[in-house]
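**Q** Below you'll find target-v3.pdb; it's PDB, C-alpha atoms, pLDDT in the B column.
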MODEL        1
ATOM      1  CA  MET A   1      65.965 -48.390 -35.953  1.00 40.00           C
ATOM      2  CA  SER A   2      69.464 -48.834 -37.339  1.00 39.00           C
ATOM      3  CA  HIS A   3      71.087 -52.220 -36.776  1.00 40.00           C
ATOM      4  CA  ARG A   4      74.168 -50.418 -35.464  1.00 37.00           C
ATOM      5  CA  THR A   5      72.501 -48.081 -33.001  1.00 37.00           C
ATOM      6  CA  GLY A   6      74.016 -47.704 -29.529  1.00 37.00           C
ATOM      7  CA  ARG A   7      70.721 -48.507 -27.788  1.00 36.00           C
ATOM      8  CA  PHE A   8      69.041 -51.865 -27.443  1.00 36.00           C
ATOM      9  CA  VAL A   9      65.329 -52.269 -26.858  1.00 38.00           C
ATOM     10  CA  PHE A  10      64.499 -54.782 -24.140  1.00 40.00           C
ATOM     11  CA  GLY A  11      60.775 -55.465 -24.354  1.00 42.00           C
ATOM     12  CA  LEU A  12      59.372 -51.968 -23.806  1.00 32.00           C
ATOM     13  CA  SER A  13      62.392 -50.655 -21.923  1.00 36.00           C
ATOM     14  CA  VAL A  14      65.769 -49.407 -23.118  1.00 33.00           C
ATOM     15  CA  LEU A  15      69.076 -51.000 -22.175  1.00 35.00           C
ATOM     16  CA  PHE A  16      71.884 -48.523 -21.713  1.00 31.00           C
ATOM     17  CA  LEU A  17      75.405 -49.857 -22.036  1.00 33.00           C
ATOM     18  CA  VAL A  18      77.453 -50.076 -18.873  1.00 34.00           C
ATOM     19  CA  GLY A  19      80.474 -51.572 -20.572  1.00 36.00           C
ATOM     20  CA  ALA A  20      83.160 -50.250 -18.273  1.00 35.00           C
ATOM     21  CA  ALA A  21      81.557 -51.840 -15.222  1.00 36.00           C
ATOM     22  CA  VAL A  22      80.637 -55.134 -16.866  1.00 37.00           C
ATOM     23  CA  CYS A  23      83.808 -55.675 -18.863  1.00 38.00           C
ATOM     24  CA  ALA A  24      86.222 -55.039 -16.004  1.00 39.00           C
ATOM     25  CA  PRO A  25      88.143 -58.154 -14.934  1.00 38.00           C
ATOM     26  CA  ARG A  26      86.809 -59.744 -11.771  1.00 40.00           C
ATOM     27  CA  ALA A  27      89.226 -59.539  -8.866  1.00 38.00           C
ATOM     28  CA  ASP A  28      88.440 -63.084  -7.715  1.00 42.00           C
ATOM     29  CA  ALA A  29      88.493 -64.724 -11.152  1.00 42.00           C
ATOM     30  CA  ALA A  30      88.409 -68.501 -11.096  1.00 40.00           C
ATOM     31  CA  ALA A  31      91.739 -70.128 -10.350  1.00 47.00           C
ATOM     32  CA  PRO A  32      93.349 -72.349 -12.994  1.00 65.00           C
ATOM     33  CA  GLY A  33      91.676 -75.716 -13.274  1.00 91.00           C
ATOM     34  CA  LYS A  34      88.356 -76.950 -14.510  1.00 97.00           C
ATOM     35  CA  ILE A  35      85.282 -74.779 -14.110  1.00 98.00           C
ATOM     36  CA  LYS A  36      82.888 -76.689 -11.873  1.00 98.00           C
ATOM     37  CA  LEU A  37      79.549 -76.106 -13.591  1.00 98.00           C
ATOM     38  CA  LEU A  38      76.153 -77.008 -12.131  1.00 98.00           C
ATOM     39  CA  LEU A  39      73.434 -77.411 -14.783  1.00 98.00           C
ATOM     40  CA  VAL A  40      69.896 -76.819 -13.495  1.00 96.00           C
ATOM     41  CA  ALA A  41      66.756 -77.722 -15.460  1.00 94.00           C
ATOM     42  CA  ASN A  42      63.972 -75.271 -14.654  1.00 85.00           C
ATOM     43  CA  GLY A  43      61.410 -77.810 -15.830  1.00 78.00           C
ATOM     44  CA  GLY A  44      60.171 -76.614 -19.219  1.00 73.00           C
ATOM     45  CA  HIS A  45      61.515 -77.174 -22.760  1.00 81.00           C
ATOM     46  CA  ASP A  46      63.695 -80.022 -24.007  1.00 86.00           C
ATOM     47  CA  PHE A  47      66.366 -80.296 -21.341  1.00 92.00           C
ATOM     48  CA  LYS A  48      67.491 -83.734 -22.525  1.00 93.00           C
ATOM     49  CA  ALA A  49      68.222 -82.438 -26.025  1.00 95.00           C
ATOM     50  CA  PHE A  50      70.011 -79.370 -24.673  1.00 96.00           C
ATOM     51  CA  LYS A  51      72.214 -81.524 -22.459  1.00 96.00           C
ATOM     52  CA  ALA A  52      72.813 -84.045 -25.259  1.00 97.00           C
ATOM     53  CA  VAL A  53      74.133 -81.284 -27.532  1.00 97.00           C
ATOM     54  CA  MET A  54      76.011 -79.099 -25.062  1.00 97.00           C
ATOM     55  CA  ALA A  55      77.554 -81.621 -22.646  1.00 98.00           C
ATOM     56  CA  PRO A  56      79.926 -83.167 -25.247  1.00 98.00           C
ATOM     57  CA  ILE A  57      80.896 -79.696 -26.475  1.00 98.00           C
ATOM     58  CA  LEU A  58      81.793 -78.587 -22.956  1.00 98.00           C
ATOM     59  CA  GLU A  59      83.674 -81.834 -22.325  1.00 97.00           C
ATOM     60  CA  LYS A  60      85.782 -81.369 -25.462  1.00 97.00           C
ATOM     61  CA  THR A  61      87.012 -77.992 -24.230  1.00 97.00           C
ATOM     62  CA  GLY A  62      88.725 -79.774 -21.349  1.00 96.00           C
ATOM     63  CA  ASP A  63      87.864 -76.815 -19.120  1.00 98.00           C
ATOM     64  CA  PHE A  64      84.488 -77.770 -17.620  1.00 98.00           C
ATOM     65  CA  GLU A  65      83.425 -80.324 -15.033  1.00 98.00           C
ATOM     66  CA  LEU A  66      79.667 -80.692 -15.519  1.00 98.00           C
ATOM     67  CA  THR A  67      77.203 -81.781 -12.824  1.00 98.00           C
ATOM     68  CA  VAL A  68      73.436 -81.967 -13.377  1.00 97.00           C
ATOM     69  CA  ALA A  69      71.276 -80.893 -10.438  1.00 95.00           C
ATOM     70  CA  GLU A  70      68.758 -83.487  -9.274  1.00 86.00           C
ATOM     71  CA  ASN A  71      66.507 -80.801  -7.741  1.00 94.00           C
ATOM     72  CA  PHE A  72      66.567 -77.195  -6.578  1.00 96.00           C
ATOM     73  CA  ASP A  73      68.122 -78.139  -3.238  1.00 97.00           C
ATOM     74  CA  ALA A  74      71.399 -78.078  -5.158  1.00 97.00           C
ATOM     75  CA  LEU A  75      71.046 -74.282  -4.942  1.00 98.00           C
ATOM     76  CA  LYS A  76      71.340 -74.188  -1.158  1.00 97.00           C
ATOM     77  CA  LEU A  77      74.547 -72.395  -0.296  1.00 97.00           C
ATOM     78  CA  GLU A  78      76.237 -75.393   1.332  1.00 97.00           C
ATOM     79  CA  ASN A  79      75.778 -77.255  -1.966  1.00 97.00           C
ATOM     80  CA  LEU A  80      76.563 -74.383  -4.347  1.00 97.00           C
ATOM     81  CA  LYS A  81      79.884 -73.776  -2.609  1.00 95.00           C
ATOM     82  CA  LYS A  82      81.178 -76.853  -4.429  1.00 96.00           C
ATOM     83  CA  PHE A  83      80.789 -75.079  -7.790  1.00 98.00           C
ATOM     84  CA  ASP A  84      82.166 -72.115  -9.718  1.00 98.00           C
ATOM     85  CA  GLU A  85      79.089 -71.518 -11.876  1.00 98.00           C
ATOM     86  CA  VAL A  86      75.410 -72.407 -12.112  1.00 98.00           C
ATOM     87  CA  LEU A  87      73.645 -72.627 -15.486  1.00 98.00           C
ATOM     88  CA  PHE A  88      69.845 -72.504 -15.686  1.00 98.00           C
ATOM     89  CA  PHE A  89      68.015 -73.896 -18.707  1.00 97.00           C
ATOM     90  CA  GLY A  90      64.393 -73.612 -19.743  1.00 94.00           C
ATOM     91  CA  SER A  91      61.140 -72.259 -18.386  1.00 90.00           C
ATOM     92  CA  GLY A  92      58.748 -73.060 -15.560  1.00 88.00           C
ATOM     93  CA  SER A  93      58.969 -74.082 -11.900  1.00 92.00           C
ATOM     94  CA  ASN A  94      59.458 -72.075  -8.720  1.00 94.00           C
ATOM     95  CA  PHE A  95      61.817 -72.482  -5.810  1.00 94.00           C
ATOM     96  CA  ASN A  96      60.186 -74.641  -3.128  1.00 92.00           C
ATOM     97  CA  ASP A  97      62.424 -73.651  -0.210  1.00 95.00           C
ATOM     98  CA  PRO A  98      63.576 -70.111   0.719  1.00 96.00           C
ATOM     99  CA  ALA A  99      67.065 -71.525   1.319  1.00 97.00           C
ATOM    100  CA  GLN A 100      67.379 -72.274  -2.407  1.00 97.00           C
ATOM    101  CA  GLU A 101      66.712 -68.681  -3.407  1.00 96.00           C
ATOM    102  CA  LYS A 102      68.907 -67.316  -0.594  1.00 97.00           C
ATOM    103  CA  GLY A 103      71.732 -69.689  -1.482  1.00 98.00           C
ATOM    104  CA  LEU A 104      71.711 -68.627  -5.128  1.00 98.00           C
ATOM    105  CA  GLU A 105      71.722 -64.944  -4.200  1.00 98.00           C
ATOM    106  CA  GLU A 106      74.613 -65.298  -1.764  1.00 98.00           C
ATOM    107  CA  PHE A 107      76.564 -67.490  -4.193  1.00 98.00           C
ATOM    108  CA  VAL A 108      76.429 -64.943  -7.013  1.00 98.00           C
ATOM    109  CA  THR A 109      76.832 -61.843  -4.828  1.00 98.00           C
ATOM    110  CA  ASN A 110      79.959 -63.304  -3.242  1.00 97.00           C
ATOM    111  CA  GLY A 111      81.650 -64.014  -6.578  1.00 97.00           C
ATOM    112  CA  GLY A 112      79.970 -67.061  -8.086  1.00 98.00           C
ATOM    113  CA  ALA A 113      78.946 -67.165 -11.730  1.00 98.00           C
ATOM    114  CA  MET A 114      75.387 -67.529 -13.033  1.00 98.00           C
ATOM    115  CA  SER A 115      74.284 -68.155 -16.604  1.00 98.00           C
ATOM    116  CA  GLY A 116      70.927 -68.671 -18.253  1.00 98.00           C
ATOM    117  CA  VAL A 117      69.761 -70.179 -21.527  1.00 98.00           C
ATOM    118  CA  HIS A 118      66.120 -69.543 -22.488  1.00 96.00           C
ATOM    119  CA  ALA A 119      65.517 -69.250 -18.755  1.00 96.00           C
ATOM    120  CA  THR A 120      63.710 -65.944 -18.122  1.00 97.00           C
ATOM    121  CA  ASP A 121      60.259 -67.614 -18.068  1.00 95.00           C
ATOM    122  CA  ALA A 122      60.989 -69.367 -14.768  1.00 96.00           C
ATOM    123  CA  HIS A 123      60.778 -68.828 -11.000  1.00 95.00           C
ATOM    124  CA  LYS A 124      58.308 -66.002 -11.521  1.00 94.00           C
ATOM    125  CA  LYS A 125      57.495 -65.814  -7.815  1.00 95.00           C
ATOM    126  CA  SER A 126      61.120 -64.941  -7.087  1.00 97.00           C
ATOM    127  CA  ASP A 127      62.263 -61.329  -7.265  1.00 97.00           C
ATOM    128  CA  VAL A 128      65.792 -62.576  -6.528  1.00 97.00           C
ATOM    129  CA  TYR A 129      65.892 -64.776  -9.646  1.00 97.00           C
ATOM    130  CA  TRP A 130      64.437 -61.949 -11.765  1.00 98.00           C
ATOM    131  CA  ARG A 131      67.060 -59.513 -10.485  1.00 98.00           C
ATOM    132  CA  LEU A 132      69.948 -61.928 -10.959  1.00 98.00           C
ATOM    133  CA  ILE A 133      69.038 -63.059 -14.461  1.00 98.00           C
ATOM    134  CA  GLY A 134      68.044 -59.501 -15.378  1.00 98.00           C
ATOM    135  CA  GLY A 135      64.784 -59.965 -17.282  1.00 97.00           C
ATOM    136  CA  ARG A 136      61.404 -61.655 -16.965  1.00 97.00           C
ATOM    137  CA  PHE A 137      59.538 -63.214 -19.888  1.00 95.00           C
ATOM    138  CA  THR A 138      56.486 -61.315 -21.164  1.00 95.00           C
ATOM    139  CA  GLY A 139      55.820 -63.008 -24.525  1.00 92.00           C
ATOM    140  CA  HIS A 140      57.385 -64.290 -27.729  1.00 93.00           C
ATOM    141  CA  GLY A 141      57.190 -64.807 -31.457  1.00 91.00           C
ATOM    142  CA  GLY A 142      59.324 -67.208 -33.434  1.00 92.00           C
ATOM    143  CA  GLY A 143      60.805 -68.287 -36.753  1.00 95.00           C
ATOM    144  CA  LYS A 144      64.064 -67.443 -38.470  1.00 96.00           C
ATOM    145  CA  PHE A 145      65.702 -64.139 -37.596  1.00 97.00           C
ATOM    146  CA  THR A 146      69.090 -62.441 -37.385  1.00 97.00           C
ATOM    147  CA  VAL A 147      70.911 -61.857 -34.124  1.00 98.00           C
ATOM    148  CA  TYR A 148      72.839 -58.596 -34.446  1.00 98.00           C
ATOM    149  CA  ILE A 149      76.039 -58.819 -32.413  1.00 98.00           C
ATOM    150  CA  ASP A 150      77.729 -56.049 -30.453  1.00 97.00           C
ATOM    151  CA  ASN A 151      81.466 -56.720 -30.550  1.00 95.00           C
ATOM    152  CA  LYS A 152      82.439 -54.484 -27.635  1.00 95.00           C
ATOM    153  CA  HIS A 153      82.704 -57.312 -25.139  1.00 98.00           C
ATOM    154  CA  PRO A 154      85.064 -60.296 -24.694  1.00 98.00           C
ATOM    155  CA  ILE A 155      82.221 -62.784 -25.237  1.00 98.00           C
ATOM    156  CA  THR A 156      81.172 -61.435 -28.619  1.00 98.00           C
ATOM    157  CA  ALA A 157      84.356 -59.660 -29.781  1.00 98.00           C
ATOM    158  CA  PRO A 158      85.178 -62.214 -32.546  1.00 98.00           C
ATOM    159  CA  MET A 159      81.568 -63.021 -33.472  1.00 98.00           C
ATOM    160  CA  LYS A 160      79.471 -61.798 -36.396  1.00 98.00           C
ATOM    161  CA  ASP A 161      75.734 -61.384 -36.894  1.00 98.00           C
ATOM    162  CA  PHE A 162      74.071 -64.757 -37.444  1.00 98.00           C
ATOM    163  CA  GLU A 163      70.736 -66.285 -38.380  1.00 98.00           C
ATOM    164  CA  ILE A 164      68.878 -68.700 -36.123  1.00 98.00           C
ATOM    165  CA  SER A 165      65.502 -70.429 -35.971  1.00 97.00           C
ATOM    166  CA  ASP A 166      64.197 -69.927 -32.472  1.00 97.00           C
ATOM    167  CA  GLU A 167      61.644 -68.263 -30.215  1.00 96.00           C
ATOM    168  CA  THR A 168      61.942 -64.502 -29.870  1.00 95.00           C
ATOM    169  CA  TYR A 169      61.582 -63.925 -26.140  1.00 94.00           C
ATOM    170  CA  GLN A 170      60.509 -60.469 -24.981  1.00 95.00           C
ATOM    171  CA  ASN A 171      61.283 -59.552 -21.386  1.00 95.00           C
ATOM    172  CA  LYS A 172      60.695 -56.943 -18.736  1.00 97.00           C
ATOM    173  CA  GLU A 173      63.938 -55.655 -17.270  1.00 97.00           C
ATOM    174  CA  HIS A 174      64.277 -55.812 -13.489  1.00 97.00           C
ATOM    175  CA  PRO A 175      64.266 -52.288 -11.986  1.00 97.00           C
ATOM    176  CA  GLN A 176      67.673 -52.879 -10.390  1.00 96.00           C
ATOM    177  CA  ALA A 177      69.283 -54.533 -13.402  1.00 95.00           C
ATOM    178  CA  LYS A 178      72.515 -53.195 -14.908  1.00 95.00           C
ATOM    179  CA  LEU A 179      72.408 -54.947 -18.242  1.00 97.00           C
ATOM    180  CA  GLN A 180      74.747 -54.714 -21.191  1.00 98.00           C
ATOM    181  CA  SER A 181      73.201 -56.106 -24.347  1.00 98.00           C
ATOM    182  CA  LEU A 182      75.541 -58.149 -26.549  1.00 98.00           C
ATOM    183  CA  GLY A 183      73.069 -59.341 -29.193  1.00 98.00           C
ATOM    184  CA  ARG A 184      69.620 -58.274 -30.332  1.00 97.00           C
ATOM    185  CA  MET A 185      66.989 -58.755 -32.969  1.00 95.00           C
ATOM    186  CA  ASP A 186      65.240 -56.111 -35.048  1.00 95.00           C
ATOM    187  CA  ARG A 187      62.236 -57.474 -36.925  1.00 94.00           C
ATOM    188  CA  GLY A 188      59.288 -55.158 -37.207  1.00 91.00           C
ATOM    189  CA  LYS A 189      57.849 -54.696 -33.723  1.00 90.00           C
ATOM    190  CA  GLU A 190      60.310 -57.213 -32.290  1.00 93.00           C
ATOM    191  CA  LYS A 191      63.266 -55.105 -31.253  1.00 94.00           C
ATOM    192  CA  GLN A 192      64.714 -56.704 -28.155  1.00 96.00           C
ATOM    193  CA  SER A 193      67.911 -57.920 -26.609  1.00 97.00           C
ATOM    194  CA  MET A 194      68.566 -61.657 -26.948  1.00 97.00           C
ATOM    195  CA  VAL A 195      71.909 -61.742 -25.099  1.00 98.00           C
ATOM    196  CA  TRP A 196      73.125 -59.733 -22.121  1.00 98.00           C
ATOM    197  CA  VAL A 197      75.493 -59.673 -19.158  1.00 98.00           C
ATOM    198  CA  GLN A 198      75.543 -57.868 -15.839  1.00 98.00           C
ATOM    199  CA  PRO A 199      77.606 -57.644 -12.639  1.00 97.00           C
ATOM    200  CA  ILE A 200      76.015 -58.762  -9.365  1.00 97.00           C
ATOM    201  CA  GLY A 201      78.165 -57.847  -6.367  1.00 97.00           C
ATOM    202  CA  LYS A 202      81.427 -59.734  -6.899  1.00 98.00           C
ATOM    203  CA  GLY A 203      79.786 -62.127  -9.370  1.00 98.00           C
ATOM    204  CA  ARG A 204      78.956 -62.132 -13.060  1.00 98.00           C
ATOM    205  CA  VAL A 205      75.798 -63.097 -14.929  1.00 98.00           C
ATOM    206  CA  PHE A 206      75.528 -64.146 -18.583  1.00 98.00           C
ATOM    207  CA  ASN A 207      72.144 -64.769 -20.166  1.00 98.00           C
ATOM    208  CA  THR A 208      70.724 -65.529 -23.580  1.00 98.00           C
ATOM    209  CA  THR A 209      67.030 -65.907 -24.288  1.00 97.00           C
ATOM    210  CA  LEU A 210      67.909 -68.075 -27.288  1.00 98.00           C
ATOM    211  CA  GLY A 211      67.658 -71.862 -27.005  1.00 97.00           C
ATOM    212  CA  HIS A 212      64.051 -73.006 -27.382  1.00 95.00           C
ATOM    213  CA  GLY A 213      64.771 -76.328 -29.075  1.00 94.00           C
ATOM    214  CA  LYS A 214      67.068 -78.492 -31.165  1.00 94.00           C
ATOM    215  CA  ALA A 215      67.039 -76.167 -34.186  1.00 95.00           C
ATOM    216  CA  ALA A 216      68.724 -73.601 -31.954  1.00 97.00           C
ATOM    217  CA  PHE A 217      70.932 -76.072 -30.064  1.00 97.00           C
ATOM    218  CA  ASP A 218      72.415 -77.360 -33.338  1.00 97.00           C
ATOM    219  CA  ASN A 219      73.296 -73.854 -34.549  1.00 98.00           C
ATOM    220  CA  PRO A 220      77.111 -73.513 -34.287  1.00 98.00           C
ATOM    221  CA  GLN A 221      76.853 -69.825 -33.443  1.00 98.00           C
ATOM    222  CA  PHE A 222      74.440 -70.536 -30.592  1.00 98.00           C
ATOM    223  CA  GLN A 223      76.894 -73.121 -29.261  1.00 98.00           C
ATOM    224  CA  ARG A 224      79.756 -70.673 -29.608  1.00 98.00           C
ATOM    225  CA  LEU A 225      77.842 -67.933 -27.824  1.00 98.00           C
ATOM    226  CA  VAL A 226      76.877 -70.142 -24.884  1.00 98.00           C
ATOM    227  CA  VAL A 227      80.367 -71.582 -24.397  1.00 98.00           C
ATOM    228  CA  ARG A 228      82.038 -68.180 -24.591  1.00 98.00           C
ATOM    229  CA  GLY A 229      79.459 -66.797 -22.149  1.00 98.00           C
ATOM    230  CA  LEU A 230      80.087 -69.600 -19.661  1.00 98.00           C
ATOM    231  CA  TYR A 231      83.828 -68.942 -19.732  1.00 98.00           C
ATOM    232  CA  TRP A 232      83.345 -65.213 -19.192  1.00 98.00           C
ATOM    233  CA  ALA A 233      80.869 -65.557 -16.325  1.00 98.00           C
ATOM    234  CA  ALA A 234      83.350 -67.837 -14.545  1.00 98.00           C
ATOM    235  CA  GLY A 235      86.049 -65.190 -14.830  1.00 97.00           C
ATOM    236  CA  ARG A 236      87.964 -66.890 -17.631  1.00 97.00           C
ATOM    237  CA  GLU A 237      89.051 -65.639 -21.026  1.00 97.00           C
ATOM    238  CA  PRO A 238      86.287 -66.686 -23.465  1.00 98.00           C
ATOM    239  CA  LYS A 239      87.247 -69.459 -25.896  1.00 97.00           C
ATOM    240  CA  ASP A 240      85.506 -70.913 -28.916  1.00 97.00           C
ATOM    241  CA  PRO A 241      84.267 -74.509 -28.598  1.00 94.00           C
TER     242      PRO A 241
ENDMDL
END
Can you dump the structure from the file as structure tokens?

**A**
Amino acid sequence: MSHRTGRFVFGLSVLFLVGAAVCAPRADAAAPGKIKLLLVANGGHDFKAFKAVMAPILEKTGDFELTVAENFDALKLENLKKFDEVLFFGSGSNFNDPAQEKGLEEFVTNGGAMSGVHATDAHKKSDVYWRLIGGRFTGHGGGKFTVYIDNKHPITAPMKDFEISDETYQNKEHPQAKLQSLGRMDRGKEKQSMVWVQPIGKGRVFNTTLGHGKAAFDNPQFQRLVVRGLYWAAGREPKDP
């Protein structure tokens, strides 16, 4: 497979670009002011290290107001209404109250932003979470590999292909997903998307399966990708950290 092909393999399925729909500006884009971001730890992986690296980067932008969720009750709609965007990190766990799942779905559908970092191996009992994030973990390899960037999107427009040491998550696409792949790997049998976006109702979703541990967190291009993705999902013009 050519590195510049127009198709992206997502696990065993094929992602077809829906650029016009995904790239269109959101009518209810976030108003000027700080983006109120809720960071949710799914339970697995090194959340403390992720927060220790990313929180200062987000603070330095001057555009984010970061809150860390104490538990999944933060996802109930009456609580999520206080935020512009919710960011999930890591694997594991399941919602323990239907109101959490319902709140997240209504939040995003009605124009809220959702982002994920290494977060497709989580909430596996929830079809809602799978549909919103777009893919569900099926397995992985690891090591050093190249992420091949598609520049036809505001998030990745100024970025170039980059190397990273990380896990190589493979995922099953949700049947209702409308994913646009922005970055992929192509290493032997591992030919899958590592970064994608999709529209959900009036909301936007950004996700990257990158971000297993500190080797990834410390990679400047990983940091750049995540920050630009968070801006875009919130309806803002992406900026470099």

**Q** Expanded to explicit residues, what is the PyMOL selection byres ((chain A and resi 131) around 8) for this file, as a list in words?

**A**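 Applied to this file, the PyMOL selection byres ((chain A and resi 131) around 8) returns Asp127, Val128, Tyr129, Trp130, Leu132, Ile133, Gly134, Gly135, His174, Pro175, Gln176 and Ala177 of chain A.
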
**Q** Please compute the CA of Val117 in chain A-CA of Phe89 in chain A distance, one decimal, in Å.

**A**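 A separation of 5.0 Å between them.
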
**Q** Just checking: using all atoms listed in the file, which residue out of A:Pro241, A:Gly141, A:Gly211, A:Gly188 ends up closest to Ala119 in chain A?

**A**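 For Ala119 in chain A, the nearest of the candidates is A:Gly211.
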
**Q** Which residue gives the smallest distance to Gly43 in chain A among A:Gly90, A:Gly203, A:Gly139, A:Gly62, with only C-alpha atoms counted?

**A** A:Gly90

**Q** Name the residues captured by the PyMOL selection byres ((chain A and resi 71) around 12) when it is applied to the shown file; answer as a ChimeraX atom specification.

**A** /A:38-43,67-70,72-76,79,88,93-97,100

**Q** What does the file look like for those residues with C-alpha atoms, as a short mmCIF file (atom, residue, chain, number, x, y, z; two decimals), in the coordinates of the input?

**A**
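Final output, selection_30.cif:
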data_model
loop_
_atom_site.label_atom_id
_atom_site.label_comp_id
_atom_site.auth_asym_id
_atom_site.auth_seq_id
_atom_site.Cartn_x
_atom_site.Cartn_y
_atom_site.Cartn_z
CA LEU A 38 76.15 -77.01 -12.13
CA LEU A 39 73.43 -77.41 -14.78
CA VAL A 40 69.90 -76.82 -13.50
CA ALA A 41 66.76 -77.72 -15.46
CA ASN A 42 63.97 -75.27 -14.65
CA GLY A 43 61.41 -77.81 -15.83
CA THR A 67 77.20 -81.78 -12.82
CA VAL A 68 73.44 -81.97 -13.38
CA ALA A 69 71.28 -80.89 -10.44
CA GLU A 70 68.76 -83.49 -9.27
CA PHE A 72 66.57 -77.19 -6.58
CA ASP A 73 68.12 -78.14 -3.24
CA ALA A 74 71.40 -78.08 -5.16
CA LEU A 75 71.05 -74.28 -4.94
CA LYS A 76 71.34 -74.19 -1.16
CA ASN A 79 75.78 -77.26 -1.97
CA PHE A 88 69.84 -72.50 -15.69
CA SER A 93 58.97 -74.08 -11.90
CA ASN A 94 59.46 -72.08 -8.72
CA PHE A 95 61.82 -72.48 -5.81
CA ASN A 96 60.19 -74.64 -3.13
CA ASP A 97 62.42 -73.65 -0.21
CA GLN A 100 67.38 -72.27 -2.41
#
